[in-house]
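One structure below.
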Amino acid sequence: MSIDTLNWKILKCLQQNARMSNAEIGRRVGITSPAVSERIKKMEDSGVIQGYTTFVSPFEAGYQLKALITLRAFMGMLKPFLEKVKTYDEVVNCYRITGNENIVMEVVLKNQKHLEAFIDQLITYGETKTQIVLSHVIKYSEVKPPLK
């Protein structure tokens, strides 16, 4: 699907507040509420809009640590790990990457002891490196139109 300027404006509104009404979006972008609804439906059907979510603060929910953990899988352990990682409650994001490591995970943990126990589970699949997140610099940034 080609995303025109109007659709990018609609996406900007939704990325700022996914609960914004179609009427409010229409007012902001200059079209009617039914036209907004039709455009949103087309973007959902084509996969441009993949869903709507709620962002939960891990710290307010009782977690004390957020970390980025990379994994360099042992020979023959990458595929088993790709299935296993889906079962870890601690993992909030996981990416398969290029470079020396195969995987980078964003994890939330209760404390340092929880981090140690989690790493102990990971080391059966490969070598890990851990970085503790101190703060967010950019959080939930919107996807913008590609540069031409």
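In the structure tokens, the first chain shown is A, the next is B, and so on; residue numbers restart at 1 for each chain, and ligands run from 1 in the order shown.
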Practice problem: May I have the residues within 7 Å of Gly126 of chain A as a ChimeraX atom specification, using only C-alpha atoms and disregarding those fewer than 2 positions away in the same chain? | Solution: /A:71-74,122-124,128
Self-check item: Secondary structure check, strand (DSSP E) residues of segment 2-118 of chain A, as a list in words
Solution: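 Written out, the strand (DSSP E) residues of segment 2-118 of chain A are Leu65, Lys66, Ala67, Leu68, Ile69, Thr70, Leu71, Arg72, Ala73, Val91, Val92, Asn93, Cys94, Tyr95, Arg96, Ile103, Val104, Met105, Glu106, Val107, Val108 and Leu109 of chain A.
Among the candidates A:Arg19, A:Lys129, A:Lys144, A:Arg96, the one nearest to Thr53 of chain A when counting only C-alpha atoms is A:Arg19.
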Exercise. Rank nothing, just name the residue among A:Asp120, A:Glu127, A:Asp89, A:Glu44 nearest to Glu101 of chain A, using only C-alpha atoms.
Key: A:Glu127
Exercise. Tell me which of A:Gln131, A:Thr70, A:Ser46, A:Gln64 sits closest to Asn111 of chain A, counting only C-alpha atoms.
Key: A:Gln64
Practice problem: May I have all residues of segment 3-68 of chain A that DSSP, computed from the backbone, assigns to helix (DSSP H, G or I), given as a ChimeraX atom specification? | Solution: /A:5-16,22-29,33-46
Please provide as a compact mmCIF listing (two decimals) with N, CA, C and O atoms, in the first residue's frame all residues within 12 Å of segment 21-37 of chain A, with the sequence filter that same-chain residues fewer than 2 positions apart are discarded (counting only C-alpha atoms).
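Output below, filename result36.txt:
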```txt
# COMPACT_ATOMS: atom_id res chain seq x y z
N THR A 5 0.34 11.57 1.79
CA THR A 5 0.55 12.59 2.82
C THR A 5 -0.57 12.59 3.85
O THR A 5 -0.32 12.72 5.05
N LEU A 6 -1.80 12.43 3.40
CA LEU A 6 -2.94 12.42 4.32
C LEU A 6 -2.87 11.23 5.27
O LEU A 6 -3.12 11.36 6.47
N ASN A 7 -2.52 10.05 4.73
CA ASN A 7 -2.39 8.88 5.59
C ASN A 7 -1.27 9.06 6.62
O ASN A 7 -1.39 8.62 7.76
N TRP A 8 -0.17 9.71 6.21
CA TRP A 8 0.91 9.97 7.17
C TRP A 8 0.42 10.88 8.29
O TRP A 8 0.78 10.71 9.45
N LYS A 9 -0.42 11.86 7.96
CA LYS A 9 -0.98 12.74 9.00
C LYS A 9 -1.87 11.96 9.95
O LYS A 9 -1.84 12.17 11.16
N ILE A 10 -2.66 11.03 9.39
CA ILE A 10 -3.51 10.18 10.23
C ILE A 10 -2.64 9.30 11.13
O ILE A 10 -2.90 9.16 12.33
N LEU A 11 -1.60 8.72 10.55
CA LEU A 11 -0.69 7.87 11.34
C LEU A 11 -0.02 8.66 12.46
O LEU A 11 0.14 8.15 13.57
N LYS A 12 0.35 9.90 12.16
CA LYS A 12 0.96 10.73 13.20
C LYS A 12 -0.01 10.91 14.37
O LYS A 12 0.37 10.77 15.53
N CYS A 13 -1.26 11.20 14.07
CA CYS A 13 -2.27 11.35 15.13
C CYS A 13 -2.41 10.07 15.95
O CYS A 13 -2.42 10.11 17.19
N LEU A 14 -2.52 8.94 15.26
CA LEU A 14 -2.70 7.66 15.97
C LEU A 14 -1.48 7.28 16.79
O LEU A 14 -1.62 6.69 17.87
N GLN A 15 -0.29 7.60 16.28
CA GLN A 15 0.92 7.28 17.04
C GLN A 15 1.05 8.15 18.28
O GLN A 15 1.62 7.73 19.28
N GLN A 16 0.51 9.35 18.23
CA GLN A 16 0.53 10.22 19.40
C GLN A 16 -0.52 9.80 20.42
O GLN A 16 -0.30 9.91 21.62
N ASN A 17 -1.67 9.32 19.93
CA ASN A 17 -2.75 8.88 20.81
C ASN A 17 -3.66 7.93 20.04
O ASN A 17 -4.54 8.37 19.29
N ALA A 18 -3.47 6.64 20.22
CA ALA A 18 -4.24 5.64 19.48
C ALA A 18 -5.72 5.66 19.84
O ALA A 18 -6.53 5.06 19.14
N ARG A 19 -6.09 6.34 20.92
CA ARG A 19 -7.49 6.43 21.32
C ARG A 19 -8.18 7.69 20.79
O ARG A 19 -9.34 7.93 21.08
N ARG A 39 -9.87 5.20 5.65
CA ARG A 39 -8.41 5.18 5.45
C ARG A 39 -7.73 4.31 6.51
O ARG A 39 -6.81 3.54 6.21
N ILE A 40 -8.17 4.41 7.76
CA ILE A 40 -7.60 3.59 8.83
C ILE A 40 -7.85 2.11 8.55
O ILE A 40 -6.94 1.29 8.68
N LYS A 41 -9.06 1.78 8.13
CA LYS A 41 -9.40 0.38 7.83
C LYS A 41 -8.50 -0.17 6.72
O LYS A 41 -7.99 -1.30 6.82
N LYS A 42 -8.27 0.63 5.68
CA LYS A 42 -7.40 0.19 4.58
C LYS A 42 -5.97 -0.03 5.07
O LYS A 42 -5.31 -0.99 4.69
N MET A 43 -5.50 0.86 5.98
CA MET A 43 -4.14 0.70 6.51
C MET A 43 -4.04 -0.51 7.44
O MET A 43 -3.02 -1.19 7.48
N GLU A 44 -5.11 -0.79 8.16
CA GLU A 44 -5.13 -2.00 9.00
C GLU A 44 -5.12 -3.26 8.12
O GLU A 44 -4.35 -4.19 8.36
```
Self-check item: Atomic distance atom CA of Ala67 of chain A - atom CA of Lys79 of chain A, expressed in Å with one decimal
Solution: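 It comes out at 22.9 Å.
Counting from atom CA of Thr87 of chain A, the distance to atom CA of Thr54 of chain A is 20.7 Å.
Pairwise distance (atom CA of Phe81 of chain A, atom CA of Leu65 of chain A) equals 22.8 Å.
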Quiz item: Which of these residues is nearest to Ile119 of chain A, using only C-alpha atoms: A:Ile69, A:Ile49, A:Val137, A:Glu83?
Solution: A:Ile69
